[in-house]
Amino acid sequence: MSNEMRLSDYRSSGREPYIFRASGPEGLVGVHAGLIASALQPKESIHYLLYAPVRKAEKAPFDIQADPGSHAVAVTGRRFLISRDLHEESAAPSIQSIPFNRVLYIEIGSALLLGWLVITFENERALSRSSLFYTSTGSHHFEAAVREYRRLTEKAHAISQGENIGWYAAWRLTPRSQLDLLKSLTTDDERPLDILRFREKWKEGEKRNKKICLTTDGILLAMDRGGCLYITEERPISPGILAYGINACCFPISAIRSAMVVKRTNKNSVSDYVRIELERMPVVFPFDIPLAREEFESAERWLGHLKQLLNGEG
């Protein structure tokens with residue numbers, strides 16, 4: 001009988017020093033090993049598996065909310081498995097299954113030492129979100145997991161015709177923070193079909209010397225193998241003030257029902273948006289991206305390329 005102890009044999013406090021990748025459930029710590037192993041179906045393989053200890057946070061940019069706990073995230077051939085341990089006697093550890101064909105979009109981002117992952121999906125005919133915080137020094141593991149998800153879900157949706165713009169056109173005008181995240185989320189065999197850039201814009205507020213941020217720096221890409229990536233920076237509190245948050249949204253092509261420019265009226269003002277309408281029946285979710293007037297022409301061109309992508313799906 002072997003006296004060798006496995007990581008799963010240790011009683012975990014959820015305070016391990018770093019995020020790590022595991023080759024299988026037996027490489028996880030605490031209850032996560034058993035939770036992930038018990039959820040796997042016969043012959044279901046894991047393409048990426050990670051463990052993240054507890055990262056407490058009061059709040060996060062982009063209105064991200066999550067309960068602090070330790071987590072394991074598995075990317076299999078057809079779904080996410082997320083185990084969660086809040087390390088509280090009143091809350092039992094749990095396991096969640098999110099099939100890829102129910103995902104509306106995925107958010108991943110960071111602000112200084114705080115990182116987050118949010119999966120928005122259809123669950124029992126309603127909109128649902130699964131969110132978690134982690135220490136951003138381990139962001140590369142979460143980005144690799146999302147990249148693997150994109151590789152698994154987008155490979156069947158390559159368009160048959162149309163030229164992409166190449167990565168150089170996407171890289172050369174993109175700020176470093178956005179570029180690093182973009183490179184980390186894209187697969188080796190995909191290229192941008194078109195790119196729409198957003199620049200920070202302000203307007204005068206009702207109070208003296210008060211300005212309101214209308215749009216933030218960001219990029220929106222339609223990819224030639226299906227799906228869209230939207231990367232944006234945190235909204236600064238005033239012009240010239242640094243904002244450290246950055247967030248990426250990944251929209252699978254199978255969830256995009258339509259895209260258009262829309263106007264929204266708020267009190268005495270009218271704002272313009274690029275609306276990406278997402279659908280997982282029966283749930284429909286409009287995702288709006290603020291648009292400045294000088295970006296209209298580029299937006300119409302981008303929407304035309306996206307419609308080409310949608311028409312070529314399947």
# chains A, B, ... in the order shown; residues from 1 in each chain; ligands from 1
call {"tool": "select_by_dssp", "arguments": {"residues": "range 174-257 of chain A", "states": "strand (DSSP E or B)", "output": "ChimeraX atom specification"}}
result
/A:192-198,201-204,211-215,218-223,228-233,245-251,256-257
call {"tool": "write_last_selection", "arguments": {"atoms": "N, CA and C atoms", "output": "mmCIF file, in the first residue's frame"}}
result
data_model
loop_
_atom_site.group_PDB
_atom_site.id
_atom_site.type_symbol
_atom_site.label_atom_id
_atom_site.label_comp_id
_atom_site.auth_asym_id
_atom_site.auth_seq_id
_atom_site.Cartn_x
_atom_site.Cartn_y
_atom_site.Cartn_z
ATOM 1 N N PRO A 192 -8.366 38.282 -37.725
ATOM 2 C CA PRO A 192 -9.466 39.252 -37.668
ATOM 3 C C PRO A 192 -10.037 39.529 -39.051
ATOM 4 N N LEU A 193 -11.353 39.399 -39.182
ATOM 5 C CA LEU A 193 -12.034 39.747 -40.427
ATOM 6 C C LEU A 193 -12.191 41.258 -40.534
ATOM 7 N N ASP A 194 -12.447 41.907 -39.410
ATOM 8 C CA ASP A 194 -12.533 43.362 -39.364
ATOM 9 C C ASP A 194 -12.395 43.797 -37.917
ATOM 10 N N ILE A 195 -12.019 45.066 -37.726
ATOM 11 C CA ILE A 195 -11.817 45.603 -36.387
ATOM 12 C C ILE A 195 -12.431 46.987 -36.296
ATOM 13 N N LEU A 196 -13.134 47.249 -35.208
ATOM 14 C CA LEU A 196 -13.745 48.550 -34.938
ATOM 15 C C LEU A 196 -13.113 49.094 -33.667
ATOM 16 N N ARG A 197 -12.569 50.313 -33.757
ATOM 17 C CA ARG A 197 -11.887 50.922 -32.617
ATOM 18 C C ARG A 197 -12.770 51.993 -31.973
ATOM 19 N N PHE A 198 -12.703 52.048 -30.658
ATOM 20 C CA PHE A 198 -13.433 53.044 -29.892
ATOM 21 C C PHE A 198 -12.425 53.914 -29.142
ATOM 22 N N LYS A 201 -14.192 59.363 -25.123
ATOM 23 C CA LYS A 201 -14.888 60.615 -25.428
ATOM 24 C C LYS A 201 -15.594 61.123 -24.172
ATOM 25 N N TRP A 202 -15.629 62.467 -24.034
ATOM 26 C CA TRP A 202 -16.229 63.101 -22.864
ATOM 27 C C TRP A 202 -17.227 64.165 -23.288
ATOM 28 N N LYS A 203 -18.139 64.473 -22.375
ATOM 29 C CA LYS A 203 -19.041 65.613 -22.579
ATOM 30 C C LYS A 203 -19.169 66.368 -21.262
ATOM 31 N N GLU A 204 -19.624 67.605 -21.366
ATOM 32 C CA GLU A 204 -19.804 68.428 -20.178
ATOM 33 C C GLU A 204 -20.998 67.915 -19.366
ATOM 34 N N LYS A 211 -17.220 66.466 -15.976
ATOM 35 C CA LYS A 211 -17.308 65.859 -17.300
ATOM 36 C C LYS A 211 -17.796 64.420 -17.176
ATOM 37 N N ILE A 212 -18.490 63.958 -18.207
ATOM 38 C CA ILE A 212 -19.041 62.599 -18.230
ATOM 39 C C ILE A 212 -18.369 61.816 -19.355
ATOM 40 N N CYS A 213 -17.874 60.650 -19.021
ATOM 41 C CA CYS A 213 -17.226 59.796 -20.017
ATOM 42 C C CYS A 213 -18.295 59.086 -20.845
ATOM 43 N N LEU A 214 -18.299 59.348 -22.153
ATOM 44 C CA LEU A 214 -19.288 58.748 -23.050
ATOM 45 C C LEU A 214 -18.827 57.391 -23.567
ATOM 46 N N THR A 215 -17.582 57.314 -24.005
ATOM 47 C CA THR A 215 -17.031 56.057 -24.527
ATOM 48 C C THR A 215 -15.619 55.884 -24.002
ATOM 49 N N GLY A 218 -11.262 51.080 -26.665
ATOM 50 C CA GLY A 218 -11.540 49.658 -26.823
ATOM 51 C C GLY A 218 -11.477 49.220 -28.269
ATOM 52 N N ILE A 219 -11.571 47.937 -28.485
ATOM 53 C CA ILE A 219 -11.586 47.353 -29.826
ATOM 54 C C ILE A 219 -12.634 46.255 -29.891
ATOM 55 N N LEU A 220 -13.240 46.130 -31.051
ATOM 56 C CA LEU A 220 -14.241 45.095 -31.312
ATOM 57 C C LEU A 220 -13.827 44.370 -32.589
ATOM 58 N N LEU A 221 -13.587 43.082 -32.475
ATOM 59 C CA LEU A 221 -13.102 42.309 -33.608
ATOM 60 C C LEU A 221 -14.103 41.243 -34.021
ATOM 61 N N ALA A 222 -14.314 41.121 -35.320
ATOM 62 C CA ALA A 222 -15.020 39.977 -35.891
ATOM 63 C C ALA A 222 -13.954 39.024 -36.422
ATOM 64 N N MET A 223 -13.986 37.781 -35.964
ATOM 65 C CA MET A 223 -12.918 36.828 -36.298
ATOM 66 C C MET A 223 -13.337 35.935 -37.464
ATOM 67 N N CYS A 228 -16.856 36.976 -31.905
ATOM 68 C CA CYS A 228 -16.352 38.346 -31.776
ATOM 69 C C CYS A 228 -15.652 38.490 -30.433
ATOM 70 N N LEU A 229 -14.680 39.404 -30.409
ATOM 71 C CA LEU A 229 -13.982 39.769 -29.191
ATOM 72 C C LEU A 229 -14.115 41.276 -28.984
ATOM 73 N N TYR A 230 -14.513 41.669 -27.795
ATOM 74 C CA TYR A 230 -14.622 43.090 -27.446
ATOM 75 C C TYR A 230 -13.764 43.339 -26.217
ATOM 76 N N ILE A 231 -12.754 44.194 -26.357
ATOM 77 C CA ILE A 231 -11.859 44.513 -25.255
ATOM 78 C C ILE A 231 -11.971 46.002 -24.967
ATOM 79 N N THR A 232 -12.235 46.331 -23.714
ATOM 80 C CA THR A 232 -12.419 47.733 -23.352
ATOM 81 C C THR A 232 -11.745 48.026 -22.022
ATOM 82 N N GLU A 233 -11.411 49.295 -21.819
ATOM 83 C CA GLU A 233 -10.769 49.714 -20.591
ATOM 84 C C GLU A 233 -11.793 50.298 -19.616
ATOM 85 N N GLY A 245 -8.396 49.046 -14.933
ATOM 86 C CA GLY A 245 -9.175 47.868 -15.283
ATOM 87 C C GLY A 245 -9.260 47.652 -16.784
ATOM 88 N N ILE A 246 -9.247 46.388 -17.187
ATOM 89 C CA ILE A 246 -9.448 46.019 -18.585
ATOM 90 C C ILE A 246 -10.290 44.754 -18.623
ATOM 91 N N ASN A 247 -11.204 44.683 -19.597
ATOM 92 C CA ASN A 247 -12.161 43.581 -19.649
ATOM 93 C C ASN A 247 -12.342 43.119 -21.084
ATOM 94 N N ALA A 248 -12.391 41.812 -21.277
ATOM 95 C CA ALA A 248 -12.641 41.239 -22.597
ATOM 96 C C ALA A 248 -13.940 40.452 -22.570
ATOM 97 N N CYS A 249 -14.756 40.637 -23.608
ATOM 98 C CA CYS A 249 -15.986 39.869 -23.787
ATOM 99 C C CYS A 249 -15.835 38.995 -25.028
ATOM 100 N N CYS A 250 -16.111 37.722 -24.880
ATOM 101 C CA CYS A 250 -16.024 36.766 -25.984
ATOM 102 C C CYS A 250 -17.430 36.324 -26.357
ATOM 103 N N PHE A 251 -17.831 36.625 -27.590
ATOM 104 C CA PHE A 251 -19.159 36.273 -28.071
ATOM 105 C C PHE A 251 -19.046 35.117 -29.061
ATOM 106 N N ILE A 256 -24.847 34.703 -31.534
ATOM 107 C CA ILE A 256 -25.153 36.027 -32.081
ATOM 108 C C ILE A 256 -26.343 35.932 -33.027
ATOM 109 N N ARG A 257 -27.441 36.592 -32.665
ATOM 110 C CA ARG A 257 -28.630 36.589 -33.511
ATOM 111 C C ARG A 257 -28.590 37.719 -34.533
#
call {"tool": "closest_atom_pairs", "arguments": {"of": "range 147-211 of chain A", "to": "range 75-99 of chain A", "cutoff": "10 Å", "atoms": "only C-alpha atoms", "output": "CSV"}}
result
residue,atom,partner,partner_atom,distance
A:Glu148,CA,A:Val75,CA,7.5
A:Tyr149,CA,A:Val75,CA,6.6
A:Leu152,CA,A:Gly77,CA,6.9
A:Thr153,CA,A:Arg78,CA,8.2
call {"tool": "residues_around", "arguments": {"residues": "Arg11 in chain A", "least_positions_apart": "5", "cutoff": "9 Å", "atoms": "only C-alpha atoms", "output": "ChimeraX atom specification"}}
result
/A:29-31
call {"tool": "write_last_selection", "arguments": {"atoms": "N, CA, C and O atoms", "output": "mmCIF file, in the first residue's frame"}}
result
data_model
loop_
_atom_site.group_PDB
_atom_site.id
_atom_site.type_symbol
_atom_site.label_atom_id
_atom_site.label_comp_id
_atom_site.auth_asym_id
_atom_site.auth_seq_id
_atom_site.Cartn_x
_atom_site.Cartn_y
_atom_site.Cartn_z
ATOM 1 N N VAL A 29 -6.604 20.343 -5.214
ATOM 2 C CA VAL A 29 -6.529 20.290 -3.755
ATOM 3 C C VAL A 29 -7.929 20.262 -3.161
ATOM 4 O O VAL A 29 -8.901 20.723 -3.763
ATOM 5 N N GLY A 30 -8.007 19.702 -1.944
ATOM 6 C CA GLY A 30 -9.246 19.718 -1.174
ATOM 7 C C GLY A 30 -10.403 19.021 -1.864
ATOM 8 O O GLY A 30 -10.228 18.018 -2.584
ATOM 9 N N VAL A 31 -11.598 19.589 -1.690
ATOM 10 C CA VAL A 31 -12.819 18.970 -2.196
ATOM 11 C C VAL A 31 -12.923 19.056 -3.721
ATOM 12 O O VAL A 31 -13.733 18.346 -4.323
#
call {"tool": "residues_around", "arguments": {"residues": "range 128-143 of chain A", "least_positions_apart": "6", "cutoff": "7 Å", "atoms": "only C-alpha atoms", "output": "ChimeraX atom specification"}}
result
/A:18-19,21,50,52,54-55,65-68,110,113-122,184-185
call {"tool": "select_by_dssp", "arguments": {"residues": "range 19-239 of chain A", "states": "alpha helix (DSSP H)", "output": "PyMOL selection string"}}
result
chain A and resi 32-39+139-154+167-171+176-185
call {"tool": "closest_residue", "arguments": {"among": "A:Arg199, A:Ile108, A:Ile165, A:Ile46", "to": "Glu295 in chain A", "atoms": "only C-alpha atoms"}}
result
A:Arg199
call {"tool": "residues_around", "arguments": {"residues": "range 265-273 of chain A", "least_positions_apart": "3", "cutoff": "12 Å", "atoms": "only C-alpha atoms", "output": "list in words"}}
result
Phe198, Lys203, Gly205, Glu206, Leu214, Thr215, Ala259, Met260, Val261, Val262, Ile276, Glu277, Pro286, Phe287, Asp288, Ile289, Pro290, Leu291, Ala292, Arg293, Glu294, Glu295, Phe296, Ala299 and Glu300 of chain A
call {"tool": "write_last_selection", "arguments": {"atoms": "N, CA and C atoms", "output": "mmCIF file, in the first residue's frame"}}
result
data_model
loop_
_atom_site.group_PDB
_atom_site.id
_atom_site.type_symbol
_atom_site.label_atom_id
_atom_site.label_comp_id
_atom_site.auth_asym_id
_atom_site.auth_seq_id
_atom_site.Cartn_x
_atom_site.Cartn_y
_atom_site.Cartn_z
ATOM 1 N N PHE A 198 -12.703 52.048 -30.658
ATOM 2 C CA PHE A 198 -13.433 53.044 -29.892
ATOM 3 C C PHE A 198 -12.425 53.914 -29.142
ATOM 4 N N LYS A 203 -18.139 64.473 -22.375
ATOM 5 C CA LYS A 203 -19.041 65.613 -22.579
ATOM 6 C C LYS A 203 -19.169 66.368 -21.262
ATOM 7 N N GLY A 205 -20.822 67.831 -18.044
ATOM 8 C CA GLY A 205 -21.902 67.424 -17.169
ATOM 9 C C GLY A 205 -22.758 68.604 -16.740
ATOM 10 N N GLU A 206 -23.790 68.326 -15.990
ATOM 11 C CA GLU A 206 -24.687 69.390 -15.530
ATOM 12 C C GLU A 206 -24.014 70.266 -14.483
ATOM 13 N N LEU A 214 -18.299 59.348 -22.153
ATOM 14 C CA LEU A 214 -19.288 58.748 -23.050
ATOM 15 C C LEU A 214 -18.827 57.391 -23.567
ATOM 16 N N THR A 215 -17.582 57.314 -24.005
ATOM 17 C CA THR A 215 -17.031 56.057 -24.527
ATOM 18 C C THR A 215 -15.619 55.884 -24.002
ATOM 19 N N ALA A 259 -26.817 42.109 -35.234
ATOM 20 C CA ALA A 259 -26.014 43.235 -34.775
ATOM 21 C C ALA A 259 -26.440 44.470 -35.555
ATOM 22 N N MET A 260 -26.479 45.615 -34.893
ATOM 23 C CA MET A 260 -26.973 46.830 -35.535
ATOM 24 C C MET A 260 -26.536 48.048 -34.718
ATOM 25 N N VAL A 261 -26.712 49.249 -35.293
ATOM 26 C CA VAL A 261 -26.538 50.497 -34.555
ATOM 27 C C VAL A 261 -27.902 50.924 -34.034
ATOM 28 N N VAL A 262 -27.994 51.248 -32.756
ATOM 29 C CA VAL A 262 -29.261 51.658 -32.146
ATOM 30 C C VAL A 262 -29.074 52.964 -31.394
ATOM 31 N N ILE A 276 -25.092 44.140 -30.085
ATOM 32 C CA ILE A 276 -24.943 42.743 -30.471
ATOM 33 C C ILE A 276 -26.024 41.963 -29.726
ATOM 34 N N GLU A 277 -26.971 41.431 -30.457
ATOM 35 C CA GLU A 277 -28.099 40.720 -29.852
ATOM 36 C C GLU A 277 -27.753 39.240 -29.756
ATOM 37 N N PRO A 286 -29.544 41.799 -25.218
ATOM 38 C CA PRO A 286 -28.882 42.826 -26.034
ATOM 39 C C PRO A 286 -27.638 43.361 -25.328
ATOM 40 N N PHE A 287 -26.498 43.252 -25.978
ATOM 41 C CA PHE A 287 -25.242 43.763 -25.434
ATOM 42 C C PHE A 287 -24.898 45.045 -26.189
ATOM 43 N N ASP A 288 -24.898 46.188 -25.498
ATOM 44 C CA ASP A 288 -24.710 47.492 -26.132
ATOM 45 C C ASP A 288 -23.320 48.055 -25.860
ATOM 46 N N ILE A 289 -22.682 48.562 -26.913
ATOM 47 C CA ILE A 289 -21.354 49.159 -26.826
ATOM 48 C C ILE A 289 -21.467 50.620 -27.250
ATOM 49 N N PRO A 290 -21.124 51.585 -26.375
ATOM 50 C CA PRO A 290 -21.245 53.010 -26.728
ATOM 51 C C PRO A 290 -20.461 53.357 -27.989
ATOM 52 N N LEU A 291 -21.071 54.193 -28.834
ATOM 53 C CA LEU A 291 -20.499 54.529 -30.139
ATOM 54 C C LEU A 291 -20.498 56.039 -30.316
ATOM 55 N N ALA A 292 -19.345 56.628 -30.685
ATOM 56 C CA ALA A 292 -19.262 58.063 -30.997
ATOM 57 C C ALA A 292 -19.651 58.279 -32.456
ATOM 58 N N ARG A 293 -20.147 59.481 -32.780
ATOM 59 C CA ARG A 293 -20.643 59.761 -34.126
ATOM 60 C C ARG A 293 -19.553 59.604 -35.188
ATOM 61 N N GLU A 294 -18.326 59.977 -34.858
ATOM 62 C CA GLU A 294 -17.256 59.851 -35.841
ATOM 63 C C GLU A 294 -16.870 58.406 -36.124
ATOM 64 N N GLU A 295 -17.434 57.480 -35.354
ATOM 65 C CA GLU A 295 -17.157 56.051 -35.571
ATOM 66 C C GLU A 295 -18.254 55.370 -36.386
ATOM 67 N N PHE A 296 -19.288 56.125 -36.802
ATOM 68 C CA PHE A 296 -20.428 55.542 -37.513
ATOM 69 C C PHE A 296 -19.998 54.789 -38.775
ATOM 70 N N ALA A 299 -18.304 51.666 -38.074
ATOM 71 C CA ALA A 299 -19.242 50.712 -37.489
ATOM 72 C C ALA A 299 -20.101 50.040 -38.559
ATOM 73 N N GLU A 300 -20.560 50.806 -39.544
ATOM 74 C CA GLU A 300 -21.365 50.227 -40.620
ATOM 75 C C GLU A 300 -20.560 49.215 -41.418
#
